[in-house]
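Chemist: Structure provided below as structure tokens; questions to follow.
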Amino acid sequence: MSAIDEIWLENRRGAQTVGIAEAAPRVSWRHGYADPSAFEMAFERYDGTVETSQSASATLARWPFAPLAPRDGGWLRIREATAPEWSEPLQVEAGLGSEWAANFVSPSAKADARLRPAYLMRASFELPVPAGEIARARIYATAHGVYELEVNGVTPSDDRLAPGWTSYRHRLRYQTHDIGSALREGANTIGVWLADGWYRGHIGFDGGVWDFFGEDLSILLQVELTTRDGAVHRVDLEDAWRWHRSAITEVGLYEGETFDARSHPEGWSSPEFDSTDWASPTVFTREQFSAVIEPPTGPPVRAITTLAPVDVEHLPDGRWRLDFGQNISGVLRIRPRGAAGQVIRLHHAEVLEGEALGTRPLRGAFSVDTYVCRGDGIEEWEPRFTIHGFRYAEIENWPGRLDRGDVEAVVTHTDMVRTGWFASSHPGLNQLHSNVVWSMRDNFVDLPTDCPQRDERMGWTGDIQVFAPTALSLYAAHGTLTGWLQDLAAEQWPDGHVPQFVPWVECGFPNFPTAAWGDAAVIVPWSLYEHDGDARVLERQYPSMRAWVELVHTLTGGSGLWNTGFQLGDWLDPAAPPESPGDSHTDRYLVATAYHVKTARLLARTAHVLGKNSDALRYEQMAAHATSAFQAEYLSASGRVVSDTPTSIAVALVFDLFPDAASAQHAGARLLELVAASGYRITTGFVGTPIICDALVAAGDPDAAYALLLQEDLPSWLYPVTMGATTIWERWDSMLPDGTINPGDMTSFNHYALGAVADFLHRRVAGLAADGVGWKHLRFAPLPGGGLTYAEARHDSPAGVAAARWTRSDDSLTFTATVPPGATGTVQLPGAPAHEIGPGEHRFTVAFRPAHEDPPVSGRQLVAPDRSKS
Ligand code: BGC
């Protein structure tokens with residue numbers, strides 16, 4: 001077997017390689033060679049010619065072959081130059097480019113009722129060439145709405161909710177489907193299921209809006225057959241399309257789906273089916289819509305796995321209640337045996353409140369699916385065009401007894417490659433980490449969202465801004481985020497304003513420039529670049545990054561202080577009242593100015609990377625000016641921070657805003673005092689929480705970070721864990737200790753933002769971090785403490801596998817560091833000199849106190865540090 005086990009294009013690990021946009025995609029691969037001499041790449045084109053080339057690097061290797069014209073492709077193999085075996089071949093094929101000939105066809109040019117049915121569309125055609133002559137058969141497809149394909153009754157793709165959600169007026173993604181094995185000699189039929197999805201129907205909160213992107217629902221679909229002689233035969237289906245309402249009588253992403261199995265036309269996507277009573281669609285030309293039609297950059301949404309219920313209960317009212325043991329995004333798959341016309345209802349909720357499903361937090365997302373039985377034995381069904389955030393379900397009107405195997409939960413999200421793991425001797429921390437992983441999975445449903453369950457599920461900029469580094473340490477989310485950033489840039493206003501969420505939906509939320517949210521325009525691309533070392537994302541986003549920073553600069557009126565206008569500030573500070581989550585005790589303009597410094601600095605670094613030297617100078621000066629303004633306005637000469645809160649101090653420490661080490665140290669001492677005074681409970685919101693542990697370490701007290709991390713009383717990271725949480729909650733007390741749901745109107749049990757602490761678990765608890773760009777140099781600086789006897793983290797980095805593990809015995813700490821091929825690392829263990837190491841595994845043992853001598857975590861609550869020591 002080859003030691004090269006994964007190959008990907010650009011930064012799109014896990015994404016499709018057939019139907020790509022680039023004529024010369026860069027190539028990366030994962031390999032097991034500690035010291036490879038060089039790599040050989042071979043590309044066998046569809047016409048049988050083979051090109052070969054060498055590459056010294058396995059990361060973002062330049063495409064060394066002739067560029068790909070639309071539809072061109074072949075099989076790419078790679079091997080280490082001295083190794084006999086080649087990797088498995090990877091099919092690489094260019095998409096359609098601009099060679100679209102088909103038009104949009106629509107079954108429903110205008111929306112009528114509020115809850116819409118899904119439609120079936122079919123088009124039959126005679127194969128224009130003998131089947132045996134066909135080398136490749138492709139459907140290039142997209143939709144205004146969401147679609148699923150069938151060809152002669154066969155489903156050629158497992159994508160869900162395609163084409164996904166983009167800023168539809170600017171960008172619409174198309175998928176390339178291989179339909180070769182579904183085609184037959186003679187008559188063939190293409191079938192499409194089509195529903196509203198994000199494009200049409202109900203979307204947004206506070207009542208939301210309807211049909212925001214358009215009233216039409218349509219598909220754009222081009223069938224092309226390439227014969228062995230290389231000729232392309234396009235099948236013109238425009239006059240062949242017919243449509244009919246499907247058995248999905250009503251469907252909305254928030255509302256749920258109703259399927260009347262009695263009315264499903266069996267065999268509808270086969271040529272033999274009689275569709276004489278089906279209607280002809282309306283045709284829209286491509287020019288009627290403004291969006292660029294392009295391939296996806298990330299992997300699709302798929303059904304990833306299924307969960308069996310861990311508990312089934314028959315309730316007194318006859319319903320069956322199921323607990324899947326995990327809060328997920330997805331749907332139920334049911335196998336009932338009911339009488340014809342029996343109506344089964346599926347209700348979903350994240351939590352139970354007392355004896356009932358806790359559905360209030362879903363607000364306007366009813367999340368009820370309905371199945372009407374056909375009545376001919378065991379039937380199997382799952383909704384296609386809706387998705388829910390749930391752990392519990394109640395099934396109403398189930399025929400007979402419900403057995404555990406009759407229902408399963410289908411976990412559905414973007415199919416990203418997992419890249420990061422953490423484990424320790426502390427079960428609570430492990431559960432916390434698992435909760436972060438699940439909140440990420442559940443909220444990456446095509447784009448990074450705030451929550452998967454209520455009438456929201458938007459691409460909130462602030463949430464991914466704080467979570468991006470964590471996301472990238474857990475999953476290869478690059479492709480997804482690269483695409484989303486293109487939408488962000490597309491939605492940016494001419495003056496640089498970044499909408500609060502992307503894609504933007506006008507549903508009444510104040511749309512003003514907002515620190516920590518709009519700053520996603522700079523921080524997310526920078527996080528991607530830092531993680532994989534690919535400057536292309538910076539190049540592409542540069543105008544967007546620059547426009548945002550320039551806008552904020554304008555808003556400061558040249559003063560460097562951003563102290564006007566709407567701000568969300570340290571959103572969800574636990575001190576803020578439930579109904580007013582923005583009312584933090586941290587000065588919102590302090591936060592805004594600190595972020596201005598941060599993003600102006602990052603922009604200056606970006607300009608350097610891109611060789612834009614005069615810009616680099618401009619943003620360095622802008623950042624320096626804003627830093628001085630921040631210091632003059634918010635810092636005392638000795639280092640007290642005005643707005644004397646943990647978030648203010650943490651921001652100033654972690655964003656490096658103090659003029660000198662002495663004032664930073666003084667502020668650090670005050671931070672320790674405040675955190676101790678809070679009894680080591682969380683007093684920070686969206687802005688402070690992701691950085692508070694780093695701030696405590698910077699203040700010189702890692703044990704205080706452990707005290708906070710391992711706290712179980714409210715508010716704390718582990719309180720939800722003690723309450724049985726399986727995902728990260730939006731509020732520390734989304735569920736109150738008495739088991740009732742927080743009265744706030746905005747109470748989700750699945751928000752990843754506050755889970756950004758997982759990054760600290762990897763970097764500082766286990767001690768595995770990149771130092772600089774692209775994981776070429778690593779920093780192993782674990783902070784054993786908290787009574788933990790071991791901790792470990794692993795990251796499948798762009799440079800290869802990196803890992804850290806420590807264990808403690810009575811008087812020593814043993815640390816194992818794994819450095820990927822071609823990389824180097826610095827190991828810094830407590831009380832020991834630093835070591836520089838190269839690729840491979842290295843083991844160190846140093847004297848260190850036993851775990852039971854770590855400062856008692858619970859005992860710290862009452863002890864405020866002695867200020868005289870600072
Ligand atoms: C979302 C958040 C978001 C916030 C900002 C909420 O409704 O769920 O996560 O960042 O609004 O206003």
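So you can find residues: chains in the structure tokens are A, B, ... in the order shown, residues in each start at 1, and ligands are numbered from 1 in order.
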Counting only C-alpha atoms and all ligand atoms, give me one row per residue of chain A with an atom at most 8 Å from an atom of ligand 1, showing the shortest contact pair and its distance in Å to one decimal, sorted by chain then residue number, as a tab-separated table.
Modeler:
residue	atom	partner	partner_atom_place_in_ligand_line	distance
A:Asp450	CA	ligand 1	9 (O)	4.7
A:Cys451	CA	ligand 1	8 (O)	6.3
A:Glu456	CA	ligand 1	8 (O)	7.0
A:Arg457	CA	ligand 1	8 (O)	7.6
A:Met458	CA	ligand 1	8 (O)	7.7
A:Trp460	CA	ligand 1	10 (O)	5.3
A:Thr461	CA	ligand 1	10 (O)	6.9
A:Gly462	CA	ligand 1	10 (O)	5.3
A:Asp463	CA	ligand 1	10 (O)	5.3
A:Gln500	CA	ligand 1	5 (C)	7.5
A:Trp517	CA	ligand 1	10 (O)	7.5
A:Leu568	CA	ligand 1	12 (O)	6.4
A:Trp571	CA	ligand 1	5 (C)	7.1
A:Gly582	CA	ligand 1	12 (O)	7.9
A:Glu730	CA	ligand 1	9 (O)	7.3
A:Met746	CA	ligand 1	7 (O)	6.3
A:Ser748	CA	ligand 1	8 (O)	7.7
A:His751	CA	ligand 1	9 (O)	6.8
A:Ala753	CA	ligand 1	9 (O)	7.3
Chemist: If we count only C-alpha atoms and set the cut-off at 8 Å, which residues sit around Phe125 (chain A), ignoring sequence neighbours fewer than 2 positions away in its own chain? Please answer as a count of residues only.
Modeler: 8
Chemist: Can you list, as a list of chain:residue names, every residue of region 415-637 of chain A that DSSP puts in strand (DSSP E or B)?
Modeler: A:Arg418, A:Gly420, A:Trp421, A:Phe422, A:Ala423, A:Ser424, A:Phe444, A:Val445, A:Leu447, A:Pro448, A:Trp460, A:Tyr475, A:Phe501, A:Leu635
Chemist: Mind pulling up the distance from CA of Thr412 (chain A) to CA of Gly330 (chain A)?
Modeler: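 Computing the Euclidean distance for CA of Gly330 (chain A) and CA of Thr412 (chain A) yields 4.6 Å.
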Chemist: Taking into account only C-alpha atoms, which residue in the set A:Thr740, A:Gln326, A:Gln711, A:Gln431 is nearest to Arg391 (chain A)?
Modeler: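 Using only C-alpha atoms, Arg391 (chain A) sits closest to A:Gln326.
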Chemist: Pick out the residues sitting within 7 Å of Gly787 (chain A), and hand them over as a VMD selection string; count only C-alpha atoms, and ignore anything fewer than 6 positions along from it in its own chain.
Modeler: chain A and resid 851 to 852 854
Chemist: Could you turn the residues from that selection into a file that holds N, CA and C atoms, as a PDB file, in the first residue's frame?
Modeler:
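Everything below was put into selection14.pdb:
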ATOM      1  N   ALA A 851       0.049  15.158  40.440  1.00  0.00           N
ATOM      2  CA  ALA A 851      -1.257  15.777  40.146  1.00  0.00           C
ATOM      3  C   ALA A 851      -2.013  16.145  41.421  1.00  0.00           C
ATOM      4  N   HIS A 852      -1.870  15.321  42.464  1.00  0.00           N
ATOM      5  CA  HIS A 852      -2.654  15.607  43.671  1.00  0.00           C
ATOM      6  C   HIS A 852      -2.129  16.830  44.422  1.00  0.00           C
ATOM      7  N   ASP A 854      -1.528  19.652  42.717  1.00  0.00           N
ATOM      8  CA  ASP A 854      -1.977  20.840  41.987  1.00  0.00           C
ATOM      9  C   ASP A 854      -2.869  21.656  42.906  1.00  0.00           C
TER      10      ASP A 854
END
Chemist: Could you jot down the CA of Gly739 (chain A) to CA of Asn327 (chain A) separation for me, Å, one decimal place?
Modeler: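 Rounded to one decimal, the two atoms are 16.9 Å apart.
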Chemist: Which residues are near Leu96 (chain A)? Cut-off 12 Å, only C-alpha atoms, ignore same chain within fewer than 5 positions. Put them as a tab-separated table (two decimals) with N, CA, C and O atoms, in the first residue's frame.
Modeler:
chain	number	residue	atom	x	y	z
A	18	VAL	N	-14.11	16.40	-9.14
A	18	VAL	CA	-14.68	16.36	-10.49
A	18	VAL	C	-15.63	17.54	-10.59
A	18	VAL	O	-16.54	17.69	-9.77
A	19	GLY	N	-15.39	18.39	-11.59
A	19	GLY	CA	-16.24	19.58	-11.72
A	19	GLY	C	-15.66	20.77	-11.01
A	19	GLY	O	-16.37	21.54	-10.36
A	20	ILE	N	-14.34	20.96	-11.13
A	20	ILE	CA	-13.68	22.06	-10.40
A	20	ILE	C	-13.57	23.31	-11.28
A	20	ILE	O	-13.71	23.25	-12.49
A	21	ALA	N	-13.27	24.42	-10.62
A	21	ALA	CA	-13.22	25.69	-11.34
A	21	ALA	C	-11.84	25.94	-11.97
A	21	ALA	O	-11.74	26.56	-13.02
A	22	GLU	N	-10.79	25.46	-11.32
A	22	GLU	CA	-9.44	25.84	-11.75
A	22	GLU	C	-8.96	25.02	-12.94
A	22	GLU	O	-9.18	23.81	-12.99
A	23	ALA	N	-8.23	25.68	-13.83
A	23	ALA	CA	-7.60	24.98	-14.94
A	23	ALA	C	-6.29	24.34	-14.47
A	23	ALA	O	-5.81	23.38	-15.06
A	68	LEU	N	-6.25	22.48	-17.66
A	68	LEU	CA	-7.46	21.75	-18.02
A	68	LEU	C	-8.46	22.69	-18.68
A	68	LEU	O	-8.81	23.72	-18.10
A	69	ALA	N	-8.93	22.31	-19.85
A	69	ALA	CA	-10.03	23.05	-20.47
A	69	ALA	C	-11.32	22.56	-19.80
A	69	ALA	O	-11.31	21.51	-19.14
A	70	PRO	N	-12.45	23.27	-19.96
A	70	PRO	CA	-13.70	22.74	-19.40
A	70	PRO	C	-13.89	21.28	-19.79
A	70	PRO	O	-13.62	20.89	-20.93
A	71	ARG	N	-14.33	20.46	-18.84
A	71	ARG	CA	-14.61	19.01	-18.97
A	71	ARG	C	-13.38	18.13	-19.09
A	71	ARG	O	-13.47	16.92	-19.05
A	72	ASP	N	-12.19	18.70	-19.27
A	72	ASP	CA	-10.96	17.91	-19.37
A	72	ASP	C	-10.64	17.28	-18.04
A	72	ASP	O	-10.91	17.86	-16.99
A	73	GLY	N	-9.98	16.15	-18.08
A	73	GLY	CA	-9.59	15.57	-16.81
A	73	GLY	C	-8.76	14.34	-17.00
A	73	GLY	O	-8.24	14.07	-18.10
A	101	ALA	N	-25.38	26.08	-21.60
A	101	ALA	CA	-26.28	26.31	-22.72
A	101	ALA	C	-27.73	26.23	-22.24
A	101	ALA	O	-28.62	26.84	-22.82
A	102	ALA	N	-27.96	25.47	-21.17
A	102	ALA	CA	-29.34	25.26	-20.70
A	102	ALA	C	-29.88	26.54	-20.05
A	102	ALA	O	-29.13	27.44	-19.70
A	138	ARG	N	-22.29	13.29	-17.72
A	138	ARG	CA	-22.35	14.24	-16.61
A	138	ARG	C	-23.67	15.00	-16.60
A	138	ARG	O	-24.19	15.37	-17.67
A	139	ILE	N	-24.15	15.28	-15.39
A	139	ILE	CA	-25.19	16.29	-15.24
A	139	ILE	C	-24.56	17.43	-14.45
A	139	ILE	O	-24.00	17.21	-13.37
A	140	TYR	N	-24.60	18.62	-15.01
A	140	TYR	CA	-24.21	19.82	-14.28
A	140	TYR	C	-25.52	20.44	-13.81
A	140	TYR	O	-26.40	20.70	-14.64
A	141	ALA	N	-25.66	20.64	-12.51
A	141	ALA	CA	-26.99	21.04	-12.03
A	141	ALA	C	-26.91	22.02	-10.88
A	141	ALA	O	-26.02	21.96	-10.03
A	173	ARG	N	-23.96	27.95	-6.66
A	173	ARG	CA	-23.03	26.85	-6.93
A	173	ARG	C	-23.72	25.75	-7.73
A	173	ARG	O	-24.90	25.48	-7.51
A	174	TYR	N	-22.98	25.12	-8.63
A	174	TYR	CA	-23.55	23.96	-9.34
A	174	TYR	C	-22.75	22.72	-8.98
A	174	TYR	O	-21.58	22.81	-8.62
A	175	GLN	N	-23.42	21.58	-9.08
A	175	GLN	CA	-22.77	20.31	-8.79
A	175	GLN	C	-22.56	19.55	-10.10
A	175	GLN	O	-23.35	19.69	-11.04
A	176	THR	N	-21.52	18.75	-10.12
A	176	THR	CA	-21.25	17.90	-11.28
A	176	THR	C	-21.54	16.46	-10.86
A	176	THR	O	-20.91	15.97	-9.92
A	177	HIS	N	-22.50	15.83	-11.51
A	177	HIS	CA	-22.88	14.46	-11.12
A	177	HIS	C	-22.50	13.49	-12.23
A	177	HIS	O	-22.78	13.75	-13.41
A	221	LEU	N	-30.07	22.70	-15.47
A	221	LEU	CA	-29.50	21.36	-15.55
A	221	LEU	C	-29.04	21.08	-16.98
A	221	LEU	O	-29.80	21.27	-17.92
A	222	GLN	N	-27.81	20.67	-17.10
A	222	GLN	CA	-27.25	20.39	-18.43
A	222	GLN	C	-26.69	18.97	-18.45
A	222	GLN	O	-25.88	18.62	-17.60
A	223	VAL	N	-27.16	18.20	-19.42
A	223	VAL	CA	-26.69	16.81	-19.55
A	223	VAL	C	-25.69	16.76	-20.69
A	223	VAL	O	-25.98	17.23	-21.79
A	224	GLU	N	-24.54	16.19	-20.43
A	224	GLU	CA	-23.53	16.08	-21.49
A	224	GLU	C	-22.93	14.68	-21.49
A	224	GLU	O	-22.59	14.13	-20.45
A	232	VAL	N	-18.31	15.88	-27.49
A	232	VAL	CA	-19.28	16.17	-26.42
A	232	VAL	C	-20.67	16.27	-27.04
A	232	VAL	O	-20.89	17.03	-27.98
A	234	ARG	N	-24.35	17.27	-26.20
A	234	ARG	CA	-25.20	17.91	-25.21
A	234	ARG	C	-26.65	17.49	-25.47
A	234	ARG	O	-27.09	17.50	-26.61
A	293	ILE	N	-22.38	31.51	-11.76
A	293	ILE	CA	-22.64	30.09	-11.46
A	293	ILE	C	-21.31	29.38	-11.40
A	293	ILE	O	-20.57	29.36	-12.38
A	294	GLU	N	-20.98	28.83	-10.23
A	294	GLU	CA	-19.62	28.27	-10.07
A	294	GLU	C	-19.63	27.02	-9.21
A	294	GLU	O	-20.58	26.78	-8.45
A	295	PRO	N	-18.56	26.22	-9.30
A	295	PRO	CA	-18.52	24.98	-8.51
A	295	PRO	C	-18.33	25.28	-7.03
A	295	PRO	O	-17.83	26.35	-6.66
Chemist: Find, counting only C-alpha atoms, the residue in A:Ala766, A:Val411, A:Leu481, A:Val502 that gets nearest to Ser527 (chain A).
Modeler: A:Leu481
Chemist: Neighbours of Ala521 (chain A) within 8 Å (only C-alpha atoms; same-chain residues fewer than 4 positions away dropped), as an MDAnalysis selection string?
Modeler: chainID A and resid 485 488:489 498 525 541 544:545 548
Chemist: Taking N, CA and C atoms for each residue, export the selection above as a PDB file, in the first residue's frame.
Modeler:
ATOM      1  N   LEU A 485     -16.485  33.063   2.732  1.00  0.00           N
ATOM      2  CA  LEU A 485     -15.835  34.377   2.657  1.00  0.00           C
ATOM      3  C   LEU A 485     -16.094  35.062   1.317  1.00  0.00           C
ATOM      4  N   LEU A 488     -19.261  36.639   1.865  1.00  0.00           N
ATOM      5  CA  LEU A 488     -19.099  37.819   2.725  1.00  0.00           C
ATOM      6  C   LEU A 488     -18.657  39.013   1.874  1.00  0.00           C
ATOM      7  N   ALA A 489     -17.665  38.776   1.033  1.00  0.00           N
ATOM      8  CA  ALA A 489     -17.170  39.878   0.186  1.00  0.00           C
ATOM      9  C   ALA A 489     -18.269  40.341  -0.766  1.00  0.00           C
ATOM     10  N   VAL A 498     -19.803  45.164   6.587  1.00  0.00           N
ATOM     11  CA  VAL A 498     -20.019  43.719   6.518  1.00  0.00           C
ATOM     12  C   VAL A 498     -21.322  43.405   7.244  1.00  0.00           C
ATOM     13  N   PRO A 525     -10.183  35.088   7.171  1.00  0.00           N
ATOM     14  CA  PRO A 525      -9.145  34.776   6.167  1.00  0.00           C
ATOM     15  C   PRO A 525      -7.762  34.616   6.795  1.00  0.00           C
ATOM     16  N   GLN A 541      -9.294  37.764  -0.648  1.00  0.00           N
ATOM     17  CA  GLN A 541     -10.130  38.541   0.281  1.00  0.00           C
ATOM     18  C   GLN A 541      -9.585  39.947   0.508  1.00  0.00           C
ATOM     19  N   SER A 544     -11.786  42.958   0.369  1.00  0.00           N
ATOM     20  CA  SER A 544     -12.828  42.917   1.405  1.00  0.00           C
ATOM     21  C   SER A 544     -12.235  43.267   2.772  1.00  0.00           C
ATOM     22  N   MET A 545     -11.079  42.720   3.075  1.00  0.00           N
ATOM     23  CA  MET A 545     -10.417  42.971   4.370  1.00  0.00           C
ATOM     24  C   MET A 545     -10.109  44.466   4.498  1.00  0.00           C
ATOM     25  N   TRP A 548     -13.148  46.790   4.946  1.00  0.00           N
ATOM     26  CA  TRP A 548     -13.680  46.793   6.328  1.00  0.00           C
ATOM     27  C   TRP A 548     -12.828  47.684   7.233  1.00  0.00           C
TER      28      TRP A 548
END
